[in-house]
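K.L.:
The following file, query.cif, comprises mmCIF, C-alpha atoms:
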```cif
data_start
#
loop_
_atom_site.group_PDB
_atom_site.id
_atom_site.type_symbol
_atom_site.label_atom_id
_atom_site.label_comp_id
_atom_site.auth_asym_id
_atom_site.auth_seq_id
_atom_site.Cartn_x
_atom_site.Cartn_y
_atom_site.Cartn_z
ATOM 1 C CA MET A 27 25.065 6.481 -10.553
ATOM 2 C CA GLN A 28 23.005 4.911 -7.767
ATOM 3 C CA ILE A 29 21.661 2.320 -10.220
ATOM 4 C CA ALA A 30 25.213 1.556 -11.369
ATOM 5 C CA LEU A 31 26.378 1.221 -7.753
ATOM 6 C CA ASP A 32 23.560 -1.181 -6.876
ATOM 7 C CA ALA A 33 24.271 -3.288 -9.954
ATOM 8 C CA ALA A 34 27.989 -3.407 -9.150
ATOM 9 C CA LYS A 35 27.272 -4.552 -5.580
ATOM 10 C CA LEU A 36 25.099 -7.397 -6.827
ATOM 11 C CA GLU A 37 27.826 -8.486 -9.208
ATOM 12 C CA ALA A 38 30.456 -8.284 -6.450
ATOM 13 C CA ILE A 39 28.551 -10.620 -4.128
ATOM 14 C CA GLY A 40 27.650 -12.956 -6.983
ATOM 15 C CA CYS A 41 23.895 -12.454 -6.711
ATOM 16 C CA THR A 42 21.126 -12.279 -9.223
ATOM 17 C CA PRO A 43 18.172 -10.046 -8.315
ATOM 18 C CA TRP A 44 16.196 -13.168 -7.308
ATOM 19 C CA THR A 45 18.804 -14.308 -4.797
ATOM 20 C CA ALA A 46 19.624 -10.775 -3.646
ATOM 21 C CA VAL A 47 16.122 -10.238 -2.237
ATOM 22 C CA ILE A 48 16.844 -13.142 0.132
ATOM 23 C CA LYS A 49 20.526 -12.645 0.910
ATOM 24 C CA LYS A 50 20.732 -8.869 1.222
ATOM 25 C CA LYS A 51 19.371 -7.464 4.489
ATOM 26 C CA SER A 52 18.128 -4.145 3.107
ATOM 27 C CA TYR A 53 16.329 -5.935 0.263
ATOM 28 C CA ARG A 54 14.700 -8.365 2.694
ATOM 29 C CA LYS A 55 13.444 -5.391 4.691
ATOM 30 C CA ARG A 56 11.999 -3.866 1.546
ATOM 31 C CA MET A 57 10.270 -7.123 0.632
ATOM 32 C CA ILE A 58 8.717 -7.470 4.089
ATOM 33 C CA ILE A 59 7.531 -3.858 4.160
ATOM 34 C CA GLY A 60 6.147 -4.094 0.627
ATOM 35 C CA PHE A 61 4.262 -7.279 1.486
ATOM 36 C CA LEU A 62 2.879 -5.799 4.711
ATOM 37 C CA THR A 63 1.832 -2.592 2.955
ATOM 38 C CA GLN A 64 -0.382 -4.401 0.462
ATOM 39 C CA TRP A 65 -1.538 -7.050 2.934
ATOM 40 C CA GLY A 66 -2.279 -4.467 5.609
ATOM 41 C CA ALA A 67 -4.284 -2.121 3.415
ATOM 42 C CA GLU A 68 -6.407 -4.965 2.064
ATOM 43 C CA PHE A 69 -6.858 -6.626 5.464
ATOM 44 C CA ALA A 70 -8.471 -3.376 6.618
ATOM 45 C CA GLY A 71 -11.554 -4.782 4.925
ATOM 46 C CA PRO A 72 -12.560 -2.844 1.774
ATOM 47 C CA LEU A 73 -13.457 -5.927 -0.251
ATOM 48 C CA VAL A 74 -15.390 -7.498 2.616
ATOM 49 C CA ILE A 75 -17.598 -4.419 2.667
ATOM 50 C CA ASN A 76 -17.816 -4.242 -1.118
ATOM 51 C CA ASN A 77 -18.488 -7.912 -1.842
ATOM 52 C CA TYR A 78 -20.937 -8.452 1.005
ATOM 53 C CA SER A 79 -22.421 -4.964 1.082
ATOM 54 C CA VAL A 80 -25.938 -6.169 0.280
ATOM 55 C CA ILE A 81 -25.885 -8.346 3.417
ATOM 56 C CA LEU A 82 -24.402 -5.449 5.384
ATOM 57 C CA TYR A 83 -27.055 -2.961 4.287
ATOM 58 C CA THR A 84 -29.838 -5.496 4.801
ATOM 59 C CA ASN A 85 -28.624 -6.007 8.375
ATOM 60 C CA LEU A 86 -28.830 -2.229 8.753
ATOM 61 C CA GLY A 87 -32.508 -2.176 7.867
ATOM 62 C CA GLN A 88 -32.366 -1.404 4.135
ATOM 63 C CA ARG A 89 -34.965 -3.195 2.014
ATOM 64 C CA GLY A 90 -35.934 -3.749 -1.604
ATOM 65 C CA SER A 91 -33.551 -2.306 -4.175
ATOM 66 C CA MET A 92 -31.888 0.060 -1.695
ATOM 67 C CA PRO A 93 -29.023 -2.321 -0.713
ATOM 68 C CA LEU A 94 -28.041 -2.684 -4.386
ATOM 69 C CA LEU A 95 -28.278 1.064 -4.992
ATOM 70 C CA LEU A 96 -26.165 1.829 -1.932
ATOM 71 C CA SER A 97 -23.599 -0.760 -2.993
ATOM 72 C CA ALA A 98 -23.332 0.762 -6.478
ATOM 73 C CA LEU A 99 -23.070 4.269 -5.047
ATOM 74 C CA TRP A 100 -20.379 3.176 -2.579
ATOM 75 C CA LEU A 101 -18.210 1.678 -5.301
ATOM 76 C CA THR A 102 -18.783 4.566 -7.717
ATOM 77 C CA THR A 103 -17.661 7.200 -5.235
ATOM 78 C CA ALA A 104 -14.373 5.343 -4.780
ATOM 79 C CA GLY A 105 -13.405 5.667 -8.441
ATOM 80 C CA VAL A 106 -14.960 9.045 -9.150
ATOM 81 C CA ILE A 107 -14.166 10.966 -5.961
ATOM 82 C CA TYR A 108 -11.861 9.327 -3.446
ATOM 83 C CA ASN A 109 -9.138 7.762 -5.618
ATOM 84 C CA PRO A 110 -8.599 10.965 -7.666
ATOM 85 C CA LEU A 111 -8.645 12.975 -4.436
ATOM 86 C CA GLY A 112 -5.977 10.700 -2.985
ATOM 87 C CA ALA A 113 -3.796 11.096 -6.080
ATOM 88 C CA TRP A 114 -4.097 14.883 -5.790
ATOM 89 C CA MET A 115 -3.250 14.781 -2.081
ATOM 90 C CA HIS A 116 -0.063 12.796 -2.714
ATOM 91 C CA ASP A 117 1.202 15.759 -4.725
ATOM 92 C CA LYS A 118 0.375 18.128 -1.870
ATOM 93 C CA VAL A 119 1.012 16.178 1.345
ATOM 94 C CA ASN A 120 4.660 15.568 2.157
ATOM 95 C CA SER A 121 4.251 12.160 3.787
ATOM 96 C CA ARG A 122 3.269 8.729 2.504
ATOM 97 C CA ARG A 123 3.440 7.280 6.027
ATOM 98 C CA TRP A 124 1.039 9.724 7.608
ATOM 99 C CA MET A 125 -1.474 9.474 4.790
ATOM 100 C CA PHE A 126 -1.396 5.704 5.212
ATOM 101 C CA MET A 127 -1.660 5.844 9.001
ATOM 102 C CA VAL A 128 -4.493 8.383 9.018
ATOM 103 C CA GLY A 129 -6.326 6.204 6.508
ATOM 104 C CA LEU A 130 -5.889 3.148 8.723
ATOM 105 C CA MET A 131 -7.017 5.098 11.781
ATOM 106 C CA GLY A 132 -10.109 6.144 9.865
ATOM 107 C CA CYS A 133 -10.773 2.526 8.865
ATOM 108 C CA LEU A 134 -10.426 1.515 12.513
ATOM 109 C CA VAL A 135 -12.869 4.140 13.791
ATOM 110 C CA THR A 136 -15.469 3.687 11.052
ATOM 111 C CA THR A 137 -15.356 -0.125 11.154
ATOM 112 C CA SER A 138 -15.868 0.078 14.906
ATOM 113 C CA GLY A 139 -18.773 2.443 14.286
ATOM 114 C CA PHE A 140 -20.725 0.339 11.819
ATOM 115 C CA ALA A 141 -19.942 -2.884 13.712
ATOM 116 C CA GLY A 142 -21.401 -1.262 16.821
ATOM 117 C CA CYS A 143 -24.490 -0.159 14.889
ATOM 118 C CA ILE A 144 -25.001 -3.690 13.567
ATOM 119 C CA ALA A 145 -24.601 -5.106 17.080
ATOM 120 C CA GLN A 146 -27.065 -2.628 18.555
ATOM 121 C CA TYR A 147 -29.634 -2.030 15.817
ATOM 122 C CA ALA A 148 -29.554 -4.975 13.368
ATOM 123 C CA GLY A 149 -33.041 -6.447 13.049
ATOM 124 C CA THR A 150 -34.675 -3.480 14.783
ATOM 125 C CA GLY A 151 -36.769 -0.671 13.383
ATOM 126 C CA ASN A 152 -34.510 2.040 14.764
ATOM 127 C CA ARG A 153 -34.088 4.224 11.691
ATOM 128 C CA ALA A 154 -31.577 6.587 13.280
ATOM 129 C CA GLY A 155 -29.324 3.736 14.416
ATOM 130 C CA ASN A 156 -29.467 1.969 11.055
ATOM 131 C CA ALA A 157 -28.832 5.235 9.205
ATOM 132 C CA ALA A 158 -25.798 5.825 11.410
ATOM 133 C CA GLY A 159 -24.477 2.405 10.382
ATOM 134 C CA VAL A 160 -24.832 3.278 6.685
ATOM 135 C CA PHE A 161 -23.113 6.605 7.367
ATOM 136 C CA PHE A 162 -20.118 4.828 8.925
ATOM 137 C CA VAL A 163 -19.866 2.511 5.906
ATOM 138 C CA PHE A 164 -19.621 5.484 3.536
ATOM 139 C CA LEU A 165 -17.286 7.375 5.853
ATOM 140 C CA TYR A 166 -15.052 4.291 5.874
ATOM 141 C CA LEU A 167 -14.621 4.640 2.114
ATOM 142 C CA ALA A 168 -13.571 8.276 2.449
ATOM 143 C CA PHE A 169 -10.561 7.150 4.492
ATOM 144 C CA GLN A 170 -9.809 3.894 2.704
ATOM 145 C CA GLY A 171 -10.304 5.104 -0.869
ATOM 146 C CA THR A 172 -8.491 8.400 -0.408
ATOM 147 C CA LEU A 173 -5.623 7.526 1.915
ATOM 148 C CA CYS A 174 -5.015 3.754 1.915
ATOM 149 C CA ASP A 175 -5.978 2.603 -1.569
ATOM 150 C CA THR A 176 -3.844 5.232 -3.286
ATOM 151 C CA THR A 177 -0.875 5.024 -0.919
ATOM 152 C CA MET A 178 -0.269 1.283 -0.979
ATOM 153 C CA TYR A 179 0.559 1.098 -4.698
ATOM 154 C CA LEU A 180 2.606 4.283 -4.739
ATOM 155 C CA TYR A 181 4.612 3.436 -1.628
ATOM 156 C CA VAL A 182 5.689 -0.037 -2.728
ATOM 157 C CA SER A 183 6.796 1.294 -6.116
ATOM 158 C CA GLU A 184 9.070 3.785 -4.348
ATOM 159 C CA ILE A 185 10.794 1.548 -1.801
ATOM 160 C CA PHE A 186 12.339 -0.887 -4.304
ATOM 161 C CA PRO A 187 15.505 -0.060 -6.282
ATOM 162 C CA THR A 188 15.380 -0.547 -10.021
ATOM 163 C CA GLU A 189 17.038 -3.966 -10.198
ATOM 164 C CA ILE A 190 14.504 -5.675 -7.897
ATOM 165 C CA ARG A 191 11.425 -3.515 -8.453
ATOM 166 C CA PRO A 192 9.506 -6.063 -10.593
ATOM 167 C CA ILE A 193 10.200 -8.808 -8.035
ATOM 168 C CA GLY A 194 9.324 -6.567 -5.108
ATOM 169 C CA MET A 195 6.121 -5.275 -6.672
ATOM 170 C CA GLY A 196 5.031 -8.801 -7.546
ATOM 171 C CA PHE A 197 5.682 -10.080 -4.031
ATOM 172 C CA SER A 198 3.859 -7.105 -2.531
ATOM 173 C CA LEU A 199 0.812 -7.723 -4.714
ATOM 174 C CA PHE A 200 0.900 -11.347 -3.606
ATOM 175 C CA GLY A 201 0.349 -10.019 -0.082
ATOM 176 C CA GLN A 202 -2.669 -8.050 -1.248
ATOM 177 C CA PHE A 203 -4.341 -10.973 -2.972
ATOM 178 C CA ALA A 204 -3.450 -13.431 -0.206
ATOM 179 C CA SER A 205 -5.243 -11.259 2.348
ATOM 180 C CA THR A 206 -8.152 -10.847 -0.068
ATOM 181 C CA ILE A 207 -8.589 -14.610 -0.404
ATOM 182 C CA ILE A 208 -8.452 -15.134 3.360
ATOM 183 C CA LEU A 209 -11.009 -12.436 4.153
ATOM 184 C CA LEU A 210 -13.429 -13.180 1.339
ATOM 185 C CA GLN A 211 -13.430 -16.918 2.036
ATOM 186 C CA THR A 212 -13.983 -16.499 5.762
ATOM 187 C CA ALA A 213 -16.372 -13.517 5.712
ATOM 188 C CA PRO A 214 -19.559 -15.419 4.722
ATOM 189 C CA ILE A 215 -18.911 -18.043 7.391
ATOM 190 C CA GLY A 216 -18.082 -15.416 9.994
ATOM 191 C CA ILE A 217 -21.053 -13.166 9.227
ATOM 192 C CA VAL A 218 -23.470 -16.106 9.432
ATOM 193 C CA ASN A 219 -22.029 -17.580 12.633
ATOM 194 C CA VAL A 220 -20.816 -14.626 14.696
ATOM 195 C CA GLY A 221 -22.464 -11.656 12.981
ATOM 196 C CA TRP A 222 -20.993 -8.263 13.817
ATOM 197 C CA LYS A 223 -18.149 -9.881 15.783
ATOM 198 C CA TYR A 224 -16.519 -10.849 12.493
ATOM 199 C CA TYR A 225 -15.557 -7.204 12.006
ATOM 200 C CA LEU A 226 -13.446 -7.446 15.160
ATOM 201 C CA VAL A 227 -10.870 -9.217 12.971
ATOM 202 C CA ILE A 228 -10.495 -6.052 10.891
ATOM 203 C CA ILE A 229 -10.564 -3.804 13.956
ATOM 204 C CA CYS A 230 -7.862 -5.804 15.757
ATOM 205 C CA TRP A 231 -5.693 -5.883 12.650
ATOM 206 C CA CYS A 232 -5.808 -2.085 12.317
ATOM 207 C CA ILE A 233 -4.861 -1.718 15.990
ATOM 208 C CA VAL A 234 -1.812 -3.942 15.433
ATOM 209 C CA PHE A 235 -0.802 -2.584 12.027
ATOM 210 C CA ILE A 236 -0.831 1.168 12.704
ATOM 211 C CA PRO A 237 2.108 1.023 15.207
ATOM 212 C CA ILE A 238 4.025 -1.206 12.771
ATOM 213 C CA VAL A 239 3.712 1.445 10.066
ATOM 214 C CA TYR A 240 4.704 4.200 12.496
ATOM 215 C CA PHE A 241 7.837 2.511 13.827
ATOM 216 C CA TYR A 242 9.130 0.500 10.862
ATOM 217 C CA PHE A 243 8.000 2.062 7.574
ATOM 218 C CA PRO A 244 10.477 4.689 6.232
ATOM 219 C CA GLU A 245 9.220 7.880 4.640
ATOM 220 C CA THR A 246 9.658 8.098 0.849
ATOM 221 C CA ALA A 247 7.788 11.264 -0.147
ATOM 222 C CA ARG A 248 9.904 13.811 -2.050
ATOM 223 C CA LEU A 249 13.028 11.664 -1.632
ATOM 224 C CA SER A 250 15.482 10.667 -4.321
ATOM 225 C CA LEU A 251 16.470 7.069 -5.035
ATOM 226 C CA GLU A 252 19.686 7.667 -3.098
ATOM 227 C CA GLU A 253 17.904 9.056 -0.045
ATOM 228 C CA ILE A 254 15.463 6.142 0.038
ATOM 229 C CA SER A 255 18.373 3.690 -0.217
ATOM 230 C CA ALA A 256 20.051 5.371 2.748
ATOM 231 C CA LYS A 257 16.912 4.880 4.849
ATOM 232 C CA PHE A 258 17.168 1.136 4.238
ATOM 233 C CA GLY A 259 20.852 1.047 5.180
ATOM 234 C CA ASP A 260 22.369 0.823 1.702
ATOM 235 C CA ASP A 261 25.533 2.528 0.525
ATOM 236 C CA VAL A 262 24.747 5.715 -1.357
ATOM 237 C CA ALA A 263 26.577 6.820 -4.484
ATOM 238 C CA VAL A 264 25.996 10.504 -3.801
ATOM 239 C CA HIS A 265 23.627 12.544 -1.658
ATOM 240 C CA ILE A 266 22.223 14.751 -4.379
ATOM 241 C CA ASN A 267 20.920 17.360 -1.928
ATOM 242 C CA ASP A 268 24.380 17.840 -0.409
ATOM 243 C CA VAL A 269 26.431 18.369 -3.566
ATOM 244 C CA SER A 270 27.647 21.722 -4.787
ATOM 245 C CA ASP A 271 26.231 23.357 -7.895
ATOM 246 C CA ALA A 272 29.414 22.520 -9.793
ATOM 247 C CA HIS A 273 29.188 18.860 -8.802
ATOM 248 C CA ARG A 274 25.487 18.822 -9.667
ATOM 249 C CA HIS A 275 26.250 20.099 -13.185
ATOM 250 C CA GLU A 276 28.987 17.474 -13.475
ATOM 251 C CA LEU A 277 26.487 14.747 -12.572
ATOM 252 C CA ASP A 278 23.989 16.113 -15.082
ATOM 253 C CA ASP A 279 26.630 16.012 -17.819
ATOM 254 C CA PHE A 280 27.567 12.453 -16.823
ATOM 255 C CA LEU A 281 23.968 11.257 -17.025
ATOM 256 C CA LYS A 282 23.425 12.967 -20.372
ATOM 257 C CA ALA A 283 26.602 11.496 -21.866
ATOM 258 C CA THR A 284 26.321 7.977 -20.430
ATOM 259 C CA ASP A 285 23.845 5.206 -21.066
ATOM 260 C CA VAL A 286 23.777 2.576 -18.296
ATOM 261 C CA VAL A 287 22.189 -0.672 -19.398
ATOM 262 C CA HIS A 288 21.585 -3.656 -17.111
ATOM 263 C CA LEU A 289 22.026 -7.076 -18.663
ATOM 264 C CA GLU A 290 21.462 -10.606 -17.416
ATOM 265 C CA ASP A 291 23.479 -13.412 -19.009
ATOM 266 C CA SER A 292 22.314 -16.980 -19.667
ATOM 267 C CA LYS A 293 23.384 -18.018 -16.159
ATOM 268 C CA GLY A 294 21.305 -15.295 -14.531
ATOM 269 C CA ASN A 295 24.306 -13.141 -13.534
ATOM 270 C CA PHE A 296 23.592 -9.417 -13.313
ATOM 271 C CA LYS A 297 25.895 -7.202 -15.400
ATOM 272 C CA GLU A 298 26.216 -3.557 -16.238
ATOM 273 C CA LYS A 299 27.088 -2.048 -19.592
ATOM 274 C CA THR A 300 27.983 1.599 -19.973
ATOM 275 C CA GLY A 301 28.220 3.434 -23.243
ATOM 276 C CA SER A 302 27.875 6.860 -24.766
ATOM 277 C CA VAL A 303 24.490 8.059 -25.870
ATOM 278 C CA ALA A 304 24.264 8.523 -29.600
#
```
Can the structure in the file be given as structure tokens, please?
P.N.:
Amino acid sequence: MQIALDAAKLEAIGCTPWTAVIKKKSYRKRMIIGFLTQWGAEFAGPLVINNYSVILYTNLGQRGSMPLLLSALWLTTAGVIYNPLGAWMHDKVNSRRWMFMVGLMGCLVTTSGFAGCIAQYAGTGNRAGNAAGVFFVFLYLAFQGTLCDTTMYLYVSEIFPTEIRPIGMGFSLFGQFASTIILLQTAPIGIVNVGWKYYLVIICWCIVFIPIVYFYFPETARLSLEEISAKFGDDVAVHINDVSDAHRHELDDFLKATDVVHLEDSKGNFKEKTGSVA
């Protein structure tokens, strides 16, 4: 019913999904939040650490094959341990926002930690200081891989209604890759010219982004499509949690007996077709 309502509203205002994401306020908000989610998680620096990890570990006193081994171990733990752990946690923790914010806070603290170690101990023989820097790099991944990397894809898939989800997901991913290009193109120049100070870019971004998530990103965990739409200011067909058992059974029968199909004609107009399920 919510899908049918959204489709009918687009048809009433004469919008295709492509124009609706610009004209409709709640859709614009979704697009901005989706873009910032992907941009923000990637601008927290995981690919800077991954792609230039050999330089990072060398600055922290590692020699020979050890930088390559540490780089391989760092990347392996992300896929084997932290990403699966994050997926499991999303089934247990009742908040996308707080998982994301805690992950960003962890990125902030750990990036500050290894940047400080590079500033203090790079080029020295202080084994304890250099080891602490390596520790902060691996601790960074525990937060980023578990809480940020898993949340950003899940969250953006939940905030978009069906009719604009492909557009919204594509635009959000554009934010991710745009931030990746900016960081990876500037990182070599920054590391060579300003050294550890380059990581202040990531640190400052986390400081700015965490309050944005807290104040402007709606919660989506355990919410229905209707409840998420209400958080963005849309009209809601029915609040499924508020209906009586009789009404709930009536809705179930309606959904079983009705097939709602969305069509787009040659002019790009969005239409709805309803028919009985065979």
K.L.:
List every residue of segment 111-213 of chain A that has an atom at most 10 Å from any atom of segment 239-244 of chain A, and for each one report the closest atom pair and its distance in Å to one decimal, counting only C-alpha atoms, with rows sorted by chain and then by increasing residue number, as a Markdown table.
P.N.:
```
| residue | atom | partner | partner_atom | distance |
| --- | --- | --- | --- | --- |
| A:Arg122 | CA | A:Pro244 | CA | 9.1 |
| A:Arg123 | CA | A:Phe243 | CA | 7.1 |
| A:Trp124 | CA | A:Tyr240 | CA | 8.2 |
| A:Phe126 | CA | A:Val239 | CA | 8.2 |
| A:Met127 | CA | A:Val239 | CA | 7.0 |
| A:Leu130 | CA | A:Val239 | CA | 9.8 |
| A:Tyr181 | CA | A:Pro244 | CA | 9.9 |
| A:Ile185 | CA | A:Pro244 | CA | 8.6 |
```
K.L.:
One decimal, Å: what's the distance from atom CA of Ala157 of chain A over to atom CA of Gly142 of chain A, could you say?
P.N.:
12.5 Å
K.L.:
Any chance you could resolve the PyMOL selection byres ((chain A and resi 71-76) around 9) against this file and give the residues as a list of chain:residue names?
P.N.:
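Expected selection for the PyMOL selection byres ((chain A and resi 71-76) around 9) here is A:Ala67, A:Glu68, A:Phe69, A:Ala70, A:Asn77, A:Tyr78, A:Ser79, A:Val80, A:Leu82, A:Ser97, A:Trp100, A:Leu101, A:Cys133, A:Thr137, A:Val163, A:Tyr166, A:Leu167, A:Gln170, A:Gly171, A:Thr206, A:Leu209, A:Leu210, A:Ala213, A:Tyr225, A:Ile228.
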K.L.:
Applying the PyMOL selection byres ((chain A and resi 57) around 12) to the file I just gave you, which residues come out? Please list them as JSON, numbers by chain.
P.N.:
{"A": [44, 46, 47, 48, 49, 50, 51, 52, 53, 54, 55, 56, 58, 59, 60, 61, 62, 63, 64, 182, 183, 185, 186, 187, 190, 191, 192, 193, 194, 195, 196, 197, 198, 199, 200, 201, 243, 258]}
K.L.:
Let me see the file: selected residues, C-alpha atoms, as a CSV table (one decimal), keeping the file's coordinate frame.
P.N.:
```
chain,number,residue,atom,x,y,z
A,44,TRP,CA,16.2,-13.2,-7.3
A,46,ALA,CA,19.6,-10.8,-3.6
A,47,VAL,CA,16.1,-10.2,-2.2
A,48,ILE,CA,16.8,-13.1,0.1
A,49,LYS,CA,20.5,-12.6,0.9
A,50,LYS,CA,20.7,-8.9,1.2
A,51,LYS,CA,19.4,-7.5,4.5
A,52,SER,CA,18.1,-4.1,3.1
A,53,TYR,CA,16.3,-5.9,0.3
A,54,ARG,CA,14.7,-8.4,2.7
A,55,LYS,CA,13.4,-5.4,4.7
A,56,ARG,CA,12.0,-3.9,1.5
A,58,ILE,CA,8.7,-7.5,4.1
A,59,ILE,CA,7.5,-3.9,4.2
A,60,GLY,CA,6.1,-4.1,0.6
A,61,PHE,CA,4.3,-7.3,1.5
A,62,LEU,CA,2.9,-5.8,4.7
A,63,THR,CA,1.8,-2.6,3.0
A,64,GLN,CA,-0.4,-4.4,0.5
A,182,VAL,CA,5.7,0.0,-2.7
A,183,SER,CA,6.8,1.3,-6.1
A,185,ILE,CA,10.8,1.5,-1.8
A,186,PHE,CA,12.3,-0.9,-4.3
A,187,PRO,CA,15.5,-0.1,-6.3
A,190,ILE,CA,14.5,-5.7,-7.9
A,191,ARG,CA,11.4,-3.5,-8.5
A,192,PRO,CA,9.5,-6.1,-10.6
A,193,ILE,CA,10.2,-8.8,-8.0
A,194,GLY,CA,9.3,-6.6,-5.1
A,195,MET,CA,6.1,-5.3,-6.7
A,196,GLY,CA,5.0,-8.8,-7.5
A,197,PHE,CA,5.7,-10.1,-4.0
A,198,SER,CA,3.9,-7.1,-2.5
A,199,LEU,CA,0.8,-7.7,-4.7
A,200,PHE,CA,0.9,-11.3,-3.6
A,201,GLY,CA,0.3,-10.0,-0.1
A,243,PHE,CA,8.0,2.1,7.6
A,258,PHE,CA,17.2,1.1,4.2
```
K.L.:
Any chance you could resolve the PyMOL selection byres ((chain A and resi 111) around 12) against this file and give the residues as a PDB file with C-alpha atoms, keeping the file's coordinate frame?
P.N.:
```
ATOM      1  CA  THR A 103     -17.661   7.200  -5.235  1.00  0.00           C
ATOM      2  CA  ALA A 104     -14.373   5.343  -4.780  1.00  0.00           C
ATOM      3  CA  GLY A 105     -13.405   5.667  -8.441  1.00  0.00           C
ATOM      4  CA  VAL A 106     -14.960   9.045  -9.150  1.00  0.00           C
ATOM      5  CA  ILE A 107     -14.166  10.966  -5.961  1.00  0.00           C
ATOM      6  CA  TYR A 108     -11.861   9.327  -3.446  1.00  0.00           C
ATOM      7  CA  ASN A 109      -9.138   7.762  -5.618  1.00  0.00           C
ATOM      8  CA  PRO A 110      -8.599  10.965  -7.666  1.00  0.00           C
ATOM      9  CA  GLY A 112      -5.977  10.700  -2.985  1.00  0.00           C
ATOM     10  CA  ALA A 113      -3.796  11.096  -6.080  1.00  0.00           C
ATOM     11  CA  TRP A 114      -4.097  14.883  -5.790  1.00  0.00           C
ATOM     12  CA  MET A 115      -3.250  14.781  -2.081  1.00  0.00           C
ATOM     13  CA  HIS A 116      -0.063  12.796  -2.714  1.00  0.00           C
ATOM     14  CA  ASP A 117       1.202  15.759  -4.725  1.00  0.00           C
ATOM     15  CA  LYS A 118       0.375  18.128  -1.870  1.00  0.00           C
ATOM     16  CA  VAL A 119       1.012  16.178   1.345  1.00  0.00           C
ATOM     17  CA  ALA A 168     -13.571   8.276   2.449  1.00  0.00           C
ATOM     18  CA  PHE A 169     -10.561   7.150   4.492  1.00  0.00           C
ATOM     19  CA  GLN A 170      -9.809   3.894   2.704  1.00  0.00           C
ATOM     20  CA  GLY A 171     -10.304   5.104  -0.869  1.00  0.00           C
ATOM     21  CA  THR A 172      -8.491   8.400  -0.408  1.00  0.00           C
ATOM     22  CA  LEU A 173      -5.623   7.526   1.915  1.00  0.00           C
ATOM     23  CA  CYS A 174      -5.015   3.754   1.915  1.00  0.00           C
ATOM     24  CA  ASP A 175      -5.978   2.603  -1.569  1.00  0.00           C
ATOM     25  CA  THR A 176      -3.844   5.232  -3.286  1.00  0.00           C
ATOM     26  CA  THR A 177      -0.875   5.024  -0.919  1.00  0.00           C
TER      27      THR A 177
END
```
K.L.:
Separation of atom CA of Thr84 of chain A and atom CA of Ile144 of chain A, in Å?
P.N.:
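Separating atom CA of Thr84 of chain A from atom CA of Ile144 of chain A is a distance of 10.2 Å.
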K.L.:
Here is a test: counting all atoms listed in the file, which residue of A:Asn120, A:Ile215, A:Leu249, A:Gly87 is nearest to Ala158 of chain A?
P.N.:
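Smallest separation from Ala158 of chain A among the options: A:Gly87.
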K.L.:
What would segment 56-67 of chain A look like with N, CA and C atoms in place, written as a compact mmCIF listing (two decimals), in the frame of the given file?
P.N.:
```txt
# COMPACT_ATOMS: atom_id res chain seq x y z
N ARG A 56 12.91 -4.43 2.55
CA ARG A 56 12.00 -3.87 1.55
C ARG A 56 10.89 -4.85 1.19
N MET A 57 11.26 -6.11 1.01
CA MET A 57 10.27 -7.12 0.63
C MET A 57 9.22 -7.29 1.73
N ILE A 58 9.66 -7.31 2.97
CA ILE A 58 8.72 -7.47 4.09
C ILE A 58 7.79 -6.27 4.18
N ILE A 59 8.35 -5.06 4.07
CA ILE A 59 7.53 -3.86 4.16
C ILE A 59 6.56 -3.77 2.98
N GLY A 60 7.04 -4.11 1.79
CA GLY A 60 6.15 -4.09 0.63
C GLY A 60 4.99 -5.07 0.79
N PHE A 61 5.30 -6.27 1.25
CA PHE A 61 4.26 -7.28 1.49
C PHE A 61 3.26 -6.79 2.52
N LEU A 62 3.77 -6.26 3.64
CA LEU A 62 2.88 -5.80 4.71
C LEU A 62 2.04 -4.60 4.29
N THR A 63 2.60 -3.75 3.43
CA THR A 63 1.83 -2.59 2.96
C THR A 63 0.58 -3.04 2.22
N GLN A 64 0.76 -3.94 1.26
CA GLN A 64 -0.38 -4.40 0.46
C GLN A 64 -1.32 -5.29 1.30
N TRP A 65 -0.73 -6.19 2.06
CA TRP A 65 -1.54 -7.05 2.93
C TRP A 65 -2.34 -6.20 3.92
N GLY A 66 -1.65 -5.26 4.56
CA GLY A 66 -2.28 -4.47 5.61
C GLY A 66 -3.41 -3.61 5.11
N ALA A 67 -3.22 -2.97 3.96
CA ALA A 67 -4.28 -2.12 3.42
C ALA A 67 -5.51 -2.95 3.04
```
